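Enquirer: What follows is query_11.tsv; its format and atoms are TSV, C-alpha atoms.
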chain	number	residue	atom	x	y	z
A	1	MET	CA	254.09	-59.92	12.91
A	2	LYS	CA	250.77	-61.76	13.15
A	3	LEU	CA	249.42	-62.88	16.50
A	4	GLN	CA	246.78	-65.54	17.08
A	5	PRO	CA	245.56	-66.38	20.61
A	6	LYS	CA	244.14	-69.78	21.59
A	7	GLU	CA	242.82	-70.67	25.06
A	8	HIS	CA	243.03	-73.98	26.86
A	9	ASP	CA	241.79	-74.27	30.48
A	10	GLY	CA	242.66	-70.67	31.34
A	11	ILE	CA	246.06	-70.86	29.66
A	12	VAL	CA	246.43	-68.73	26.54
A	13	THR	CA	248.83	-69.69	23.75
A	14	LEU	CA	249.86	-66.83	21.50
A	15	HIS	CA	250.99	-68.08	18.11
A	16	LEU	CA	253.34	-65.52	16.61
A	17	GLN	CA	254.04	-65.45	12.91
A	18	GLY	CA	256.65	-63.46	10.97
A	19	LYS	CA	259.29	-61.30	12.58
A	20	LEU	CA	259.51	-60.18	16.18
A	21	MET	CA	261.25	-56.81	16.29
A	22	GLY	CA	260.72	-53.15	17.08
A	23	GLY	CA	258.22	-50.76	15.58
A	24	PRO	CA	254.51	-51.56	15.67
A	25	ASP	CA	255.13	-55.16	16.85
A	26	ALA	CA	255.92	-53.95	20.37
A	27	ASP	CA	252.61	-52.09	20.67
A	28	VAL	CA	250.56	-55.00	19.31
A	29	PHE	CA	252.19	-57.50	21.64
A	30	ARG	CA	252.05	-55.23	24.70
A	31	GLY	CA	248.38	-54.38	23.99
A	32	THR	CA	247.48	-58.07	23.75
A	33	ILE	CA	249.22	-58.87	27.04
A	34	TYR	CA	247.41	-56.02	28.85
A	35	ASP	CA	244.05	-57.11	27.37
A	36	LEU	CA	244.62	-60.67	28.57
A	37	ILE	CA	245.60	-59.49	32.07
A	38	GLU	CA	242.41	-57.39	32.23
A	39	GLN	CA	240.44	-60.50	31.32
A	40	GLY	CA	242.15	-62.33	34.17
A	41	LYS	CA	244.20	-64.50	31.82
A	42	LYS	CA	247.72	-64.43	33.16
A	43	LYS	CA	249.19	-67.78	32.16
A	44	ILE	CA	250.64	-67.22	28.72
A	45	ILE	CA	252.54	-69.48	26.33
A	46	VAL	CA	254.25	-67.84	23.38
A	47	ASP	CA	254.63	-70.14	20.39
A	48	LEU	CA	257.63	-69.04	18.31
A	49	ARG	CA	257.40	-71.86	15.75
A	50	SER	CA	256.51	-69.48	12.90
A	51	VAL	CA	258.80	-66.62	13.87
A	52	ASN	CA	261.43	-66.35	11.14
A	53	TRP	CA	263.76	-64.21	13.14
A	54	VAL	CA	263.96	-61.89	16.09
A	55	ASN	CA	266.24	-59.00	17.02
A	56	SER	CA	267.26	-57.62	20.41
A	57	THR	CA	264.21	-55.34	20.47
A	58	GLY	CA	262.02	-58.40	19.90
A	59	ILE	CA	263.69	-60.06	22.87
A	60	GLY	CA	262.99	-56.86	24.81
A	61	ILE	CA	259.30	-57.16	23.87
A	62	LEU	CA	259.22	-60.68	25.33
A	63	THR	CA	261.01	-59.66	28.54
A	64	SER	CA	258.68	-56.69	28.96
A	65	ALA	CA	255.66	-59.01	28.63
A	66	PHE	CA	257.28	-61.45	31.05
A	67	THR	CA	257.82	-58.79	33.74
A	68	THR	CA	254.31	-57.35	33.27
A	69	LEU	CA	252.75	-60.78	33.72
A	70	ARG	CA	254.94	-61.66	36.72
A	71	LYS	CA	254.02	-58.35	38.41
A	72	ASN	CA	250.38	-59.28	37.94
A	73	GLY	CA	250.79	-62.78	39.36
A	74	GLY	CA	251.08	-64.51	36.01
A	75	ASP	CA	253.80	-66.14	33.94
A	76	LEU	CA	255.05	-66.41	30.36
A	77	LYS	CA	256.69	-69.48	28.82
A	78	LEU	CA	258.14	-70.05	25.38
A	79	ILE	CA	257.68	-72.99	23.04
A	80	HIS	CA	259.28	-74.00	19.74
A	81	VAL	CA	262.25	-71.66	20.14
A	82	SER	CA	264.47	-71.64	17.05
A	83	GLU	CA	268.26	-72.02	17.14
A	84	LYS	CA	268.75	-68.33	16.39
A	85	ILE	CA	266.46	-67.19	19.18
A	86	GLN	CA	268.05	-69.70	21.55
A	87	SER	CA	271.50	-68.29	20.85
A	88	ILE	CA	270.29	-64.75	21.61
A	89	LEU	CA	268.68	-65.94	24.86
A	90	TYR	CA	271.87	-67.80	25.75
A	91	VAL	CA	274.29	-64.95	25.07
A	92	THR	CA	272.12	-62.47	27.01
A	93	LYS	CA	271.64	-65.04	29.82
A	94	LEU	CA	267.89	-64.66	29.40
A	95	ASN	CA	267.78	-68.45	29.01
A	96	LEU	CA	267.98	-68.43	32.81
A	97	ILE	CA	264.81	-66.34	32.96
A	98	PHE	CA	262.57	-67.81	30.28
A	99	GLU	CA	261.28	-71.36	30.57
A	100	CYS	CA	261.38	-72.93	27.10
A	101	PHE	CA	259.59	-76.12	26.04
A	102	ASP	CA	259.53	-78.28	22.94
A	103	SER	CA	255.75	-78.64	22.94
A	104	GLU	CA	252.59	-76.83	24.02
A	105	GLU	CA	251.56	-79.83	26.16
A	106	GLU	CA	254.79	-79.65	28.17
A	107	ALA	CA	254.34	-75.92	28.72
A	108	ILE	CA	250.71	-76.39	29.82
A	109	THR	CA	251.73	-79.12	32.27
A	110	SER	CA	254.42	-76.85	33.74
A	111	PHE	CA	251.71	-74.40	34.89
A	112	GLU	CA	250.06	-77.09	37.07
B	113	MET	CA	290.05	-62.56	-4.99
B	114	THR	CA	287.87	-60.71	-2.51
B	115	GLU	CA	284.17	-60.73	-3.28
B	116	ARG	CA	282.44	-57.51	-2.31
B	117	ILE	CA	278.65	-57.26	-2.08
B	118	VAL	CA	276.86	-53.98	-1.36
B	119	LEU	CA	273.23	-53.50	-0.36
B	120	GLU	CA	271.67	-50.14	0.40
B	121	PHE	CA	268.10	-49.87	1.61
B	122	PRO	CA	265.68	-47.40	3.27
B	123	SER	CA	265.35	-47.35	7.07
B	124	GLU	CA	262.29	-49.60	7.19
B	125	TYR	CA	262.03	-52.82	9.18
B	126	SER	CA	260.62	-54.75	6.22
B	127	TYR	CA	264.03	-54.61	4.51
B	128	LEU	CA	265.70	-56.53	7.34
B	129	ASN	CA	264.31	-59.74	5.91
B	130	MET	CA	266.24	-59.02	2.70
B	131	VAL	CA	269.42	-58.48	4.73
B	132	ASP	CA	268.87	-61.80	6.51
B	133	LEU	CA	268.37	-63.63	3.21
B	134	LEU	CA	271.42	-61.95	1.66
B	135	CYS	CA	273.53	-62.93	4.68
B	136	GLY	CA	272.50	-66.54	4.20
B	137	GLU	CA	273.35	-66.47	0.49
B	138	ILE	CA	276.74	-64.82	1.05
B	139	MET	CA	277.73	-67.36	3.71
B	140	ALA	CA	276.40	-70.38	1.81
B	141	ASP	CA	279.79	-71.32	0.33
B	142	MET	CA	281.87	-70.11	3.26
B	143	ASN	CA	283.22	-72.63	5.72
B	144	PHE	CA	281.39	-71.34	8.79
B	145	THR	CA	279.61	-73.64	11.24
B	146	ARG	CA	275.82	-73.34	11.43
B	147	GLU	CA	276.23	-71.70	14.83
B	148	ALA	CA	278.65	-69.12	13.41
B	149	LYS	CA	276.30	-68.41	10.51
B	150	ASN	CA	273.46	-67.79	12.97
B	151	GLU	CA	275.69	-65.48	15.00
B	152	ILE	CA	276.72	-63.47	11.93
B	153	SER	CA	273.15	-63.19	10.73
B	154	ILE	CA	271.88	-62.08	14.14
B	155	SER	CA	274.70	-59.52	14.50
B	156	VAL	CA	274.25	-58.00	11.04
B	157	ILE	CA	270.51	-57.62	11.70
B	158	GLU	CA	271.33	-55.95	15.03
B	159	ALA	CA	273.78	-53.55	13.37
B	160	CYS	CA	271.19	-52.67	10.70
B	161	THR	CA	268.46	-52.21	13.33
B	162	ASN	CA	270.74	-49.86	15.29
B	163	ALA	CA	271.60	-47.95	12.12
B	164	MET	CA	267.91	-47.48	11.31
B	165	GLU	CA	266.73	-46.67	14.83
B	166	HIS	CA	269.60	-44.82	16.47
B	167	GLY	CA	271.49	-43.55	13.42
B	168	ASN	CA	268.79	-42.66	10.92
B	169	GLN	CA	266.09	-42.13	13.57
B	170	CYS	CA	263.76	-44.43	11.58
B	171	CYS	CA	263.55	-41.87	8.77
B	172	PRO	CA	262.68	-43.94	5.64
B	173	GLU	CA	264.36	-41.39	3.36
B	174	MET	CA	267.70	-42.11	5.02
B	175	ASN	CA	269.36	-45.30	3.80
B	176	VAL	CA	271.37	-47.96	5.56
B	177	ARG	CA	274.34	-49.24	3.55
B	178	THR	CA	275.81	-52.67	4.09
B	179	VAL	CA	279.07	-53.88	2.56
B	180	PHE	CA	280.01	-57.56	2.78
B	181	GLU	CA	283.57	-58.67	1.98
B	182	LYS	CA	284.24	-62.37	1.63
B	183	LEU	CA	287.88	-62.87	2.57
B	184	PRO	CA	289.74	-66.22	2.58
B	185	ASP	CA	289.87	-66.34	6.38
B	186	ARG	CA	286.84	-64.29	7.42
B	187	LEU	CA	283.72	-62.34	6.59
B	188	LEU	CA	283.89	-58.59	7.02
B	189	VAL	CA	280.66	-56.59	7.19
B	190	GLU	CA	280.39	-52.82	7.36
B	191	VAL	CA	277.09	-51.10	8.17
B	192	PHE	CA	276.73	-47.37	7.52
B	193	ASP	CA	274.10	-44.91	8.68
B	194	TYR	CA	273.77	-41.19	8.12
B	195	GLY	CA	272.80	-40.05	11.62
B	196	ARG	CA	274.58	-38.14	14.34
B	197	GLY	CA	276.36	-41.10	15.88
B	198	PHE	CA	276.95	-41.72	19.58
B	199	ASP	CA	279.82	-41.91	22.03
B	200	PHE	CA	280.61	-45.58	21.48
B	201	LYS	CA	283.78	-45.53	23.59
B	202	GLU	CA	281.79	-44.42	26.61
B	203	TYR	CA	279.02	-46.92	25.77
B	204	MET	CA	281.44	-49.85	25.39
B	205	GLN	CA	282.83	-49.16	28.86
B	206	HIS	CA	279.37	-49.32	30.43
B	207	ILE	CA	277.43	-51.88	28.43
B	208	PRO	CA	274.15	-52.48	30.26
B	209	ASP	CA	273.42	-55.90	31.78
B	210	PRO	CA	271.64	-57.80	28.98
B	211	SER	CA	269.92	-60.10	31.44
B	212	ASP	CA	268.10	-57.17	33.07
B	213	ILE	CA	264.50	-58.15	32.37
B	214	HIS	CA	263.26	-54.62	33.04
B	215	LYS	CA	265.05	-53.27	29.97
B	216	LEU	CA	263.16	-53.21	26.67
B	217	ARG	CA	266.25	-52.10	24.73
B	218	GLY	CA	270.03	-51.89	25.01
B	219	ARG	CA	271.04	-55.48	24.25
B	220	GLY	CA	272.05	-55.07	20.60
B	221	ILE	CA	275.67	-54.03	21.06
B	222	PHE	CA	276.22	-56.64	23.76
B	223	ILE	CA	274.89	-59.34	21.42
B	224	MET	CA	277.11	-58.21	18.50
B	225	ASN	CA	280.15	-57.96	20.77
B	226	SER	CA	279.56	-61.48	22.12
B	227	MET	CA	278.88	-63.13	18.78
B	228	MET	CA	281.49	-61.52	16.52
B	229	ASP	CA	285.29	-61.68	16.68
B	230	VAL	CA	285.63	-57.97	15.92
B	231	LEU	CA	283.13	-55.19	16.61
B	232	SER	CA	284.22	-51.61	16.12
B	233	PHE	CA	282.67	-48.24	15.39
B	234	GLU	CA	283.89	-45.29	13.36
B	235	MET	CA	282.42	-41.82	13.15
B	236	LEU	CA	282.36	-40.74	9.51
B	237	PRO	CA	283.78	-37.31	8.60
B	238	ASP	CA	280.60	-36.28	6.76
B	239	GLY	CA	278.32	-37.47	9.58
B	240	GLY	CA	277.01	-40.91	10.28
B	241	MET	CA	278.54	-44.00	11.72
B	242	LYS	CA	280.24	-47.09	10.39
B	243	VAL	CA	279.96	-50.35	12.32
B	244	ILE	CA	282.55	-52.98	11.45
B	245	LEU	CA	281.82	-56.64	12.16
B	246	GLU	CA	284.23	-59.49	11.51
B	247	LYS	CA	283.95	-63.24	11.99
B	248	MET	CA	286.89	-65.55	11.41
B	249	ILE	CA	286.52	-68.93	9.75
B	250	GLN	CA	287.69	-71.59	12.17
B	251	ASN	CA	289.42	-74.87	11.37
B	252	ASN	CA	288.01	-78.15	12.62
B	253	ASP	CA	290.25	-77.86	15.68
B	254	GLY	CA	288.56	-74.58	16.59
B	255	LYS	CA	291.54	-72.42	15.58
B	256	ASN	CA	291.22	-69.47	13.23
B	257	ASN	CA	292.37	-69.99	9.65
Could you express the structure from this file as structure tokens?

Expert:
Amino acid sequence: MKLQPKEHDGIVTLHLQGKLMGGPDADVFRGTIYDLIEQGKKKIIVDLRSVNWVNSTGIGILTSAFTTLRKNGGDLKLIHVSEKIQSILYVTKLNLIFECFDSEEEAITSFE
Amino acid sequence: MTERIVLEFPSEYSYLNMVDLLCGEIMADMNFTREAKNEISISVIEACTNAMEHGNQCCPEMNVRTVFEKLPDRLLVEVFDYGRGFDFKEYMQHIPDPSDIHKLRGRGIFIMNSMMDVLSFEMLPDGGMKVILEKMIQNNDGKNN
């Protein structure tokens, strides 16, 4: 998994690329979230447009980031969620937890 | 005639992409809806991830074996690992809440159970575990063939 951050008015968009699953991905993602929190950046958008597929561990990585950010007064929102990822979120009822948007602009506006 | 496709690969995450692609190819001429194809693909990846992580303890020298059987009314997939197995009967009775946001893991079996028509586990006599996944092909009226 590749991860590319981009900042816009204190809101950071993390563009993920590849697969979101267990193994080293969890450490990379967790490390990035902690670094951003330390820098005071707690409003995060995760762009899943280029994520080919995700497994349950990948979903766990997202929920872990979500809870870490919420505990620190921040939030995490998802954009460009594929059909496959949507069906996992739906079946696990995590669609009730994660806010998903079709575009980065919509997600940015939702933080206001 | 039943078509049978077998893929065996080391317990490394990079091979899961191959499994995903193979799933897509196998289902291409089967009369599943796009939603059903997604559900099968997701479930097979989950079963393989479990086999690698919990069965083979992520040991690359230990293989995961997948067997796909294209039947007239359904797709049958068997996933084998060579680990010590686990008490699946006990686990199935107490499946953790998948919406618990404090859990990093533990959603895989719930996802497979929700998305497939049949999910079962068998301990193998020589060690290891076999996971059996089945998805029925449905008619336009939503009934199984």

Enquirer: With a cut-off of 12 Å and counting all atoms listed in the file, select all residues of chain B in contact with chain A and give the selection as a PyMOL selection string.

Expert: chain B and resi 123-133+146-162+164-165+169-170+207-228

Enquirer: Pick out the residues sitting within 9 Å of Glu115 (chain B), and hand them over as number ranges by chain; count all atoms listed in the file, and ignore anything fewer than 5 positions along from it in its own chain.

Expert: B: 180-183

Enquirer: What's the 7 Å shell around Lys42 (chain A), counting all atoms listed in the file, without same-chain residues fewer than 6 positions away, as a VMD selection string?

Expert: chain A and resid 36 69 74 to 75

Enquirer: For the atom pair CA of Phe144 (chain B) and CA of Leu245 (chain B), what is the interatomic distance in Å to one decimal place?

Expert: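 These atoms are spaced 15.1 Å apart.
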
Enquirer: Is it possible to get the axis-aligned box enclosing region 199-205 of chain B (all listed atoms, 8 Å extra per side) as AutoDock Vina command-line options, with centre and edge lengths in Å rounded to one decimal?

Expert:
--center_x 281.4 --center_y -45.9 --center_z 25.2 --size_x 20.8 --size_y 23.9 --size_z 23.4

Enquirer: Nearest residue to Phe111 (chain A) out of A:Lys71, A:His8, A:Arg49, A:Arg30, using all atoms listed in the file?

Expert: A:His8

Enquirer: Could you rebuild region 200-214 of chain B with N, CA, C and O atoms and give it back as a short mmCIF file (atom, residue, chain, number, x, y, z; two decimals), keeping the file's coordinate frame?

Expert:
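After the write, out-v1.cif holds the following:
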data_model
loop_
_atom_site.label_atom_id
_atom_site.label_comp_id
_atom_site.auth_asym_id
_atom_site.auth_seq_id
_atom_site.Cartn_x
_atom_site.Cartn_y
_atom_site.Cartn_z
N PHE B 200 280.52 -44.13 21.33
CA PHE B 200 280.61 -45.58 21.48
C PHE B 200 281.67 -46.01 22.48
O PHE B 200 281.55 -47.04 23.12
N LYS B 201 282.73 -45.17 22.63
CA LYS B 201 283.78 -45.53 23.59
C LYS B 201 283.21 -45.55 25.01
O LYS B 201 283.46 -46.45 25.79
N GLU B 202 282.43 -44.51 25.30
CA GLU B 202 281.79 -44.42 26.61
C GLU B 202 280.81 -45.58 26.78
O GLU B 202 280.77 -46.24 27.83
N TYR B 203 280.03 -45.85 25.70
CA TYR B 203 279.02 -46.92 25.77
C TYR B 203 279.68 -48.28 26.01
O TYR B 203 279.22 -49.07 26.84
N MET B 204 280.79 -48.54 25.29
CA MET B 204 281.44 -49.85 25.39
C MET B 204 282.00 -50.10 26.79
O MET B 204 282.18 -51.24 27.20
N GLN B 205 282.29 -49.00 27.50
CA GLN B 205 282.83 -49.16 28.86
C GLN B 205 281.72 -49.46 29.87
O GLN B 205 281.97 -49.94 30.95
N HIS B 206 280.49 -49.12 29.50
CA HIS B 206 279.37 -49.32 30.43
C HIS B 206 278.20 -50.01 29.72
O HIS B 206 277.09 -49.50 29.70
N ILE B 207 278.50 -51.15 29.12
CA ILE B 207 277.43 -51.88 28.43
C ILE B 207 276.43 -52.37 29.48
O ILE B 207 276.82 -52.99 30.47
N PRO B 208 275.13 -52.07 29.26
CA PRO B 208 274.15 -52.48 30.26
C PRO B 208 274.04 -54.00 30.38
O PRO B 208 274.38 -54.73 29.44
N ASP B 209 273.58 -54.46 31.54
CA ASP B 209 273.42 -55.90 31.78
C ASP B 209 272.31 -56.43 30.86
O ASP B 209 271.16 -56.04 31.01
N PRO B 210 272.65 -57.33 29.93
CA PRO B 210 271.64 -57.80 28.98
C PRO B 210 270.59 -58.69 29.60
O PRO B 210 269.53 -58.91 29.03
N SER B 211 270.89 -59.22 30.80
CA SER B 211 269.92 -60.10 31.44
C SER B 211 268.92 -59.33 32.30
O SER B 211 268.06 -59.93 32.95
N ASP B 212 269.04 -57.99 32.30
CA ASP B 212 268.10 -57.17 33.07
C ASP B 212 266.74 -57.22 32.38
O ASP B 212 266.53 -56.62 31.32
N ILE B 213 265.80 -57.92 33.02
CA ILE B 213 264.50 -58.15 32.37
C ILE B 213 263.64 -56.89 32.33
O ILE B 213 262.60 -56.87 31.68
N HIS B 214 264.06 -55.84 33.05
CA HIS B 214 263.26 -54.62 33.04
C HIS B 214 263.62 -53.71 31.87
O HIS B 214 262.99 -52.68 31.67
#
